[in-house]
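> Supplied structure: my_file_14.csv, CSV, C-alpha atoms.
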chain,number,residue,atom,x,y,z
R,1143,MET,CA,135.9,87.3,107.7
R,1144,ILE,CA,132.5,88.8,107.2
R,1145,LYS,CA,133.3,89.3,103.5
R,1146,THR,CA,134.0,85.6,103.1
R,1147,ILE,CA,130.7,84.7,104.7
R,1148,LEU,CA,128.8,87.1,102.4
R,1149,ILE,CA,130.5,85.8,99.3
R,1150,ILE,CA,129.8,82.2,100.3
R,1151,SER,CA,126.1,83.1,100.9
R,1152,LEU,CA,126.0,84.7,97.5
R,1153,ILE,CA,127.3,81.5,95.9
R,1154,LEU,CA,124.7,79.5,97.8
R,1155,PHE,CA,122.0,81.8,96.6
R,1156,GLY,CA,123.3,81.2,93.0
R,1157,ILE,CA,123.1,77.5,93.5
R,1158,SER,CA,119.6,77.8,94.9
R,1159,ILE,CA,118.4,79.9,91.9
R,1160,PHE,CA,119.9,77.3,89.6
R,1161,ILE,CA,118.1,74.4,91.3
R,1162,THR,CA,114.8,76.4,91.2
R,1163,PHE,CA,115.4,77.1,87.5
R,1164,TYR,CA,115.4,73.3,86.9
R,1165,ARG,CA,112.0,73.2,88.5
R,1166,ILE,CA,110.8,75.9,86.0
R,1167,ILE,CA,112.0,73.8,83.1
R,1168,ALA,CA,110.9,70.4,84.3
R,1169,GLY,CA,108.0,71.3,86.5
R,1170,PRO,CA,105.2,68.8,85.8
R,1171,THR,CA,102.3,71.4,86.2
R,1172,PHE,CA,101.8,75.1,85.6
R,1173,PRO,CA,101.4,76.0,89.4
R,1174,ASP,CA,104.8,74.4,90.1
R,1175,ARG,CA,106.4,76.8,87.6
R,1176,VAL,CA,104.6,79.8,89.0
R,1177,LEU,CA,105.8,78.9,92.5
R,1178,ALA,CA,109.3,78.4,91.3
R,1179,MET,CA,109.3,81.9,89.7
R,1180,ASP,CA,108.1,83.3,93.0
R,1181,VAL,CA,111.0,81.6,94.8
R,1182,ILE,CA,113.4,83.0,92.3
R,1183,GLY,CA,112.1,86.5,93.0
R,1184,VAL,CA,112.6,86.0,96.8
R,1185,ASN,CA,116.1,84.7,96.2
R,1186,LEU,CA,116.9,87.7,94.0
R,1187,ILE,CA,115.7,90.1,96.6
R,1188,SER,CA,118.0,88.4,99.2
R,1189,THR,CA,120.9,88.4,96.8
R,1190,ILE,CA,120.5,92.2,96.2
R,1191,ALA,CA,120.4,92.8,100.0
R,1192,ILE,CA,123.6,90.8,100.5
R,1193,VAL,CA,125.3,92.7,97.6
R,1194,SER,CA,124.3,96.0,99.1
R,1195,VAL,CA,125.8,94.9,102.5
R,1196,LEU,CA,129.0,93.7,100.6
R,1197,PHE,CA,129.4,97.0,98.7
R,1198,GLN,CA,128.4,99.1,101.8
R,1199,THR,CA,126.0,101.2,99.8
R,1200,ARG,CA,122.3,102.2,100.1
R,1201,ALA,CA,121.7,102.7,96.4
R,1202,PHE,CA,120.1,99.2,95.9
R,1203,PHE,CA,117.3,99.5,98.5
R,1204,ASP,CA,115.0,101.0,95.8
R,1205,VAL,CA,115.7,98.0,93.7
R,1206,ILE,CA,114.6,95.7,96.5
R,1207,LEU,CA,111.3,97.5,96.9
R,1208,VAL,CA,110.5,97.6,93.1
R,1209,LEU,CA,111.5,93.9,92.7
R,1210,GLY,CA,109.2,93.0,95.6
R,1211,ILE,CA,106.3,94.8,94.1
R,1212,LEU,CA,106.9,93.3,90.7
R,1213,SER,CA,107.2,89.8,92.1
R,1214,PHE,CA,104.0,90.2,94.1
R,1215,LEU,CA,102.1,91.5,91.0
R,1216,SER,CA,103.3,88.7,88.8
R,1217,THR,CA,102.4,86.0,91.3
R,1218,ILE,CA,98.9,87.4,91.7
R,1219,SER,CA,98.3,87.7,88.0
R,1220,PHE,CA,99.5,84.1,87.3
R,1221,SER,CA,97.3,82.8,90.1
R,1222,LYS,CA,94.4,84.6,88.8
R,1223,PHE,CA,95.1,83.3,85.3
R,1224,ILE,CA,95.2,79.7,86.6
R,1225,GLU,CA,92.0,80.2,88.7
R,1226,ARG,CA,89.8,82.2,86.3
R,1227,GLY,CA,91.3,82.0,82.8
R,1228,VAL,CA,91.1,85.8,82.6
R,1229,ILE,CA,93.3,88.4,84.3
R,1230,ILE,CA,91.5,91.7,84.2
R,1231,GLU,CA,87.7,91.1,83.9
R,1232,ARG,CA,85.2,93.5,82.7
R,1233,LYS,CA,82.5,93.0,85.3
R,1234,ARG,CA,82.5,90.8,88.3
R,1235,ASP,CA,79.5,88.4,88.6
R,1236,ILE,CA,78.5,88.7,92.2
M,393,MET,CA,79.9,76.6,89.5
M,394,LEU,CA,81.9,77.2,92.7
M,395,LYS,CA,81.8,80.8,93.8
M,396,ILE,CA,85.4,82.1,94.2
M,397,ASN,CA,86.1,84.0,97.3
M,398,GLU,CA,88.5,86.9,96.8
M,399,VAL,CA,88.2,88.7,100.2
M,400,ILE,CA,91.9,88.2,101.0
M,401,LEU,CA,93.2,89.7,97.8
M,402,GLN,CA,90.9,92.7,98.0
M,403,THR,CA,91.7,93.4,101.6
M,404,VAL,CA,95.5,93.1,100.9
M,405,THR,CA,95.1,95.4,97.9
M,406,LYS,CA,93.5,98.2,99.9
M,407,VAL,CA,96.7,98.4,102.1
M,408,VAL,CA,99.3,97.6,99.5
M,409,VAL,CA,98.1,100.2,96.9
M,410,PHE,CA,99.0,103.0,99.4
M,411,ILE,CA,102.5,101.5,100.0
M,412,ILE,CA,103.1,101.4,96.2
M,413,LEU,CA,101.8,105.0,95.8
M,414,THR,CA,104.2,106.1,98.5
M,415,LEU,CA,107.1,104.4,96.8
M,416,ALA,CA,106.2,105.9,93.5
M,417,ILE,CA,106.2,109.5,95.0
M,418,TYR,CA,109.5,108.8,96.8
M,419,LEU,CA,111.1,107.5,93.6
M,420,PHE,CA,109.7,110.5,91.7
M,421,PHE,CA,111.3,113.1,94.1
M,422,SER,CA,114.6,111.2,94.6
M,423,GLY,CA,115.4,111.5,91.0
M,424,HIS,CA,118.0,114.3,91.4
M,425,ASN,CA,120.9,112.7,93.1
M,426,ALA,CA,119.7,109.1,93.5
M,427,PRO,CA,118.2,106.4,91.4
M,428,GLY,CA,114.7,107.3,90.4
M,429,GLY,CA,113.0,109.9,88.4
M,430,GLY,CA,109.9,110.5,86.3
M,431,PHE,CA,110.0,107.4,84.2
M,432,ILE,CA,110.5,104.9,87.1
M,433,GLY,CA,107.9,106.8,89.3
M,434,GLY,CA,105.4,106.6,86.4
M,435,LEU,CA,106.0,102.9,86.0
M,436,VAL,CA,105.5,102.2,89.7
M,437,LEU,CA,102.4,104.3,89.7
M,438,ALA,CA,101.0,102.4,86.7
M,439,SER,CA,101.7,99.1,88.6
M,440,SER,CA,99.5,100.3,91.4
M,441,PHE,CA,96.7,100.8,88.9
M,442,VAL,CA,97.3,97.4,87.5
M,443,LEU,CA,97.1,95.9,91.1
M,444,MET,CA,93.7,97.6,91.6
M,445,LEU,CA,92.5,96.3,88.2
M,446,LEU,CA,93.6,92.8,89.2
M,447,ALA,CA,91.8,92.8,92.5
M,448,TYR,CA,88.6,94.4,91.3
M,449,ASP,CA,87.2,94.7,87.8
M,450,MET,CA,87.2,97.4,85.1
M,451,GLU,CA,83.8,98.8,85.8
M,452,THR,CA,84.6,99.5,89.5
M,453,ILE,CA,87.9,101.2,88.7
M,454,ARG,CA,86.2,103.3,86.0
M,455,LYS,CA,83.5,104.4,88.5
M,456,GLY,CA,86.0,105.2,91.3
M,457,LEU,CA,88.7,106.7,89.2
M,458,PRO,CA,87.0,108.5,86.3
M,459,LEU,CA,90.2,109.3,84.3
M,460,ASP,CA,90.6,109.0,80.6
M,461,PHE,CA,94.2,107.6,80.5
M,462,LYS,CA,94.7,108.6,76.9
M,463,LEU,CA,94.1,112.2,78.0
M,464,VAL,CA,96.5,111.8,80.9
M,465,GLY,CA,99.3,110.6,78.6
M,466,ALA,CA,98.6,113.4,76.1
M,467,SER,CA,98.6,116.1,78.8
M,468,GLY,CA,101.9,114.7,80.1
M,469,ALA,CA,103.5,115.0,76.7
M,470,LEU,CA,102.1,118.6,76.4
M,471,ILE,CA,103.7,119.5,79.8
M,472,VAL,CA,107.1,118.1,78.6
M,473,VAL,CA,106.9,120.2,75.4
M,474,LEU,CA,105.8,123.3,77.2
M,475,THR,CA,108.7,123.1,79.7
M,476,GLY,CA,111.0,122.7,76.8
M,477,LEU,CA,109.5,125.7,75.0
M,478,GLY,CA,109.6,127.9,78.1
M,479,ALA,CA,113.4,128.1,77.8
M,480,ILE,CA,113.0,129.6,74.4
M,481,VAL,CA,111.0,132.5,75.8
M,482,PHE,CA,114.0,133.5,78.0
M,483,GLY,CA,116.4,133.3,75.1
M,484,GLU,CA,118.0,130.0,76.0
M,485,PRO,CA,118.3,126.9,73.9
M,486,PHE,CA,115.4,124.3,73.8
M,487,LEU,CA,115.1,122.2,77.0
M,488,LYS,CA,117.5,124.3,79.0
M,489,GLN,CA,116.7,123.9,82.7
M,490,ALA,CA,116.9,126.5,85.4
M,491,ILE,CA,117.4,126.0,89.2
M,492,PHE,CA,116.2,128.2,92.1
M,493,SER,CA,117.0,127.8,95.7
M,494,PHE,CA,115.3,129.5,98.7
M,495,SER,CA,115.2,128.9,102.4
M,496,LEU,CA,112.1,128.0,104.3
M,497,PRO,CA,111.6,128.4,108.1
M,498,LEU,CA,112.0,125.1,110.1
M,499,TYR,CA,113.0,123.1,107.0
M,500,GLY,CA,116.1,124.8,105.7
M,501,ARG,CA,117.3,125.2,102.1
M,502,VAL,CA,114.9,124.1,99.4
M,503,GLU,CA,116.1,123.7,95.8
M,504,PHE,CA,113.5,123.9,93.1
M,505,SER,CA,114.4,123.3,89.5
M,506,THR,CA,112.3,123.2,86.4
M,507,VAL,CA,113.5,119.6,85.8
M,508,THR,CA,110.8,118.6,88.3
M,509,LEU,CA,108.1,119.9,86.1
M,510,PHE,CA,109.6,118.1,83.1
M,511,GLU,CA,109.8,114.9,85.1
M,512,ALA,CA,106.1,115.3,86.2
M,513,GLY,CA,105.2,115.5,82.5
M,514,VAL,CA,107.3,112.3,81.8
M,515,ALA,CA,105.5,110.5,84.7
M,516,LEU,CA,102.1,111.5,83.5
M,517,ALA,CA,102.9,110.3,79.9
M,518,VAL,CA,104.2,107.0,81.2
M,519,VAL,CA,101.2,106.3,83.4
M,520,GLY,CA,98.8,107.2,80.6
M,521,VAL,CA,100.5,105.0,78.0
M,522,VAL,CA,101.1,102.0,80.2
M,523,VAL,CA,97.5,101.9,81.6
M,524,THR,CA,96.1,102.5,78.1
M,525,ILE,CA,98.1,99.6,76.7
M,526,ILE,CA,97.1,97.2,79.5
M,527,LEU,CA,93.4,98.2,79.3
M,528,SER,CA,93.2,97.8,75.6
M,529,ILE,CA,94.9,94.4,75.8
M,530,ALA,CA,92.5,93.3,78.4
M,531,GLU,CA,89.4,94.5,76.6
M,532,ASP,CA,90.1,92.3,73.5
M,533,VAL,CA,89.8,89.0,75.4
Take the structure from the file and write it as structure tokens.


Amino acid sequence: MIKTILIISLILFGISIFITFYRIIAGPTFPDRVLAMDVIGVNLISTIAIVSVLFQTRAFFDVILVLGILSFLSTISFSKFIERGVIIERKRDI
Amino acid sequence: MLKINEVILQTVTKVVVFIILTLAIYLFFSGHNAPGGGFIGGLVLASSFVLMLLAYDMETIRKGLPLDFKLVGASGALIVVLTGLGAIVFGEPFLKQAIFSFSLPLYGRVEFSTVTLFEAGVALAVVGVVVTIILSIAEDV
């Protein structure tokens, strides 16, 4: 019973990632694409959590943490590129 | 020009950097029987430096963290080679590792192997190389 629910939720996450992938390809502006990539990161984290429940293992928890850090970093750097045009600046003008 | 306010990013960075450093040390020490090790720990450590560089600027990080990352990478490679050569001194083949175990009070049995020193060298080399690459890409622009 619980296995069927988990597999159905995995399929739904796959469909959600596919729909978001359409937004990356056809997104009218650049911030839409960045937001879609962040949504794909969140969906991947949820997928890995469900897979680790399904396999009854604890080996994938590190993957969740590392993927969360990388998703956070990539979203911040894309936002800074949109806002400033430069990612790592030499000296802040305060 | 409109002044950009980045108080939120800098405040979040001050907390999140310590979480990332904790995860890096955990990944480094879990490398024996679980996923992890020197390479992954070094990459996560480098990502914390990248987060600090994103939130602040290069001058502030250089002033607060006066490390030459080329020297860090080179010393990591030197540690790797020295732990490999240490086996030759004892008449064993190159890169042969040894393991000791002793018991501490209140903690129990502790295993120490020379693989940990090797992995520390790998982590230092990875941090040095990754941060050097990112800094030299960013300086060109």

> Taking only C-alpha atoms into account, report as a list in words which residues of chain M lie within 9 Å of chain R.

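Taken together, these residues fit the definition: Lys395, Ile396, Leu401, Ile412, Leu415, Leu419, Ala426, Pro427, Gly428, Val436, Ser439, Val442, Leu443, Leu445, Leu446, Ala447, Tyr448, Asp449, Met450, Glu451, Thr452, Leu527, Ala530, Glu531 and Val533 of chain M.
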
> Work out how far atom CA of M:Phe441 is from atom CA of M:Val523, in Å to one decimal.

7.4 Å

> Pull the neighbourhood of (108.9, 123.0, 78.9) for me: all residues within 12 Å in file coordinates, counting all atoms listed in the file, as a ChimeraX atom specification.

/M:468-482,484-490,505-514

> Write to file, as an mmCIF file, in the frame of the given file, the residues of the selection just made, with C-alpha atoms.


data_model
loop_
_atom_site.group_PDB
_atom_site.id
_atom_site.type_symbol
_atom_site.label_atom_id
_atom_site.label_comp_id
_atom_site.auth_asym_id
_atom_site.auth_seq_id
_atom_site.Cartn_x
_atom_site.Cartn_y
_atom_site.Cartn_z
ATOM 1 C CA GLY M 468 101.900 114.700 80.100
ATOM 2 C CA ALA M 469 103.500 115.000 76.700
ATOM 3 C CA LEU M 470 102.100 118.600 76.400
ATOM 4 C CA ILE M 471 103.700 119.500 79.800
ATOM 5 C CA VAL M 472 107.100 118.100 78.600
ATOM 6 C CA VAL M 473 106.900 120.200 75.400
ATOM 7 C CA LEU M 474 105.800 123.300 77.200
ATOM 8 C CA THR M 475 108.700 123.100 79.700
ATOM 9 C CA GLY M 476 111.000 122.700 76.800
ATOM 10 C CA LEU M 477 109.500 125.700 75.000
ATOM 11 C CA GLY M 478 109.600 127.900 78.100
ATOM 12 C CA ALA M 479 113.400 128.100 77.800
ATOM 13 C CA ILE M 480 113.000 129.600 74.400
ATOM 14 C CA VAL M 481 111.000 132.500 75.800
ATOM 15 C CA PHE M 482 114.000 133.500 78.000
ATOM 16 C CA GLU M 484 118.000 130.000 76.000
ATOM 17 C CA PRO M 485 118.300 126.900 73.900
ATOM 18 C CA PHE M 486 115.400 124.300 73.800
ATOM 19 C CA LEU M 487 115.100 122.200 77.000
ATOM 20 C CA LYS M 488 117.500 124.300 79.000
ATOM 21 C CA GLN M 489 116.700 123.900 82.700
ATOM 22 C CA ALA M 490 116.900 126.500 85.400
ATOM 23 C CA SER M 505 114.400 123.300 89.500
ATOM 24 C CA THR M 506 112.300 123.200 86.400
ATOM 25 C CA VAL M 507 113.500 119.600 85.800
ATOM 26 C CA THR M 508 110.800 118.600 88.300
ATOM 27 C CA LEU M 509 108.100 119.900 86.100
ATOM 28 C CA PHE M 510 109.600 118.100 83.100
ATOM 29 C CA GLU M 511 109.800 114.900 85.100
ATOM 30 C CA ALA M 512 106.100 115.300 86.200
ATOM 31 C CA GLY M 513 105.200 115.500 82.500
ATOM 32 C CA VAL M 514 107.300 112.300 81.800
#

> List as number ranges by chain the protein and nucleic acid residues near R:Lys1145, meaning an atom at most 10 Å away when only C-alpha atoms are counted, but skip any in the same chain fewer than 3 places from it.

R: 1148-1151, 1195-1197

> Rounded to one decimal place, report the atom CA of M:Val407-atom CA of R:Leu1209 distance in Å.

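These atoms are spaced 18.1 Å apart.
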
> To one decimal place, how far is atom CA of M:Ser422 from atom CA of M:Glu503 in Å?

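According to the coordinates, atom CA of M:Ser422 and atom CA of M:Glu503 are separated by 12.6 Å.
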
> Find the spatial neighbours of stretch 1187-1194 of chain R, counting only C-alpha atoms, within a cut-off of 6 Å - ignore same-chain residues fewer than 4 positions away - and output them as a PyMOL selection string.

chain R and resi 1198-1199+1206

> Residues near R:Ile1157, anyone? I mean within 12 Å using all atoms listed in the file, not counting same-chain ones fewer than 5 positions away, as a VMD selection string.

chain R and resid 1150 to 1152 1162 to 1164 1182 1185 to 1186 1189

> Need to verify the contact set: M:Val502, 6 Å, only C-alpha atoms, exclusion of same-chain residues closer than 2 positions in sequence. Can you return it as a ChimeraX atom specification?

/M:493-495
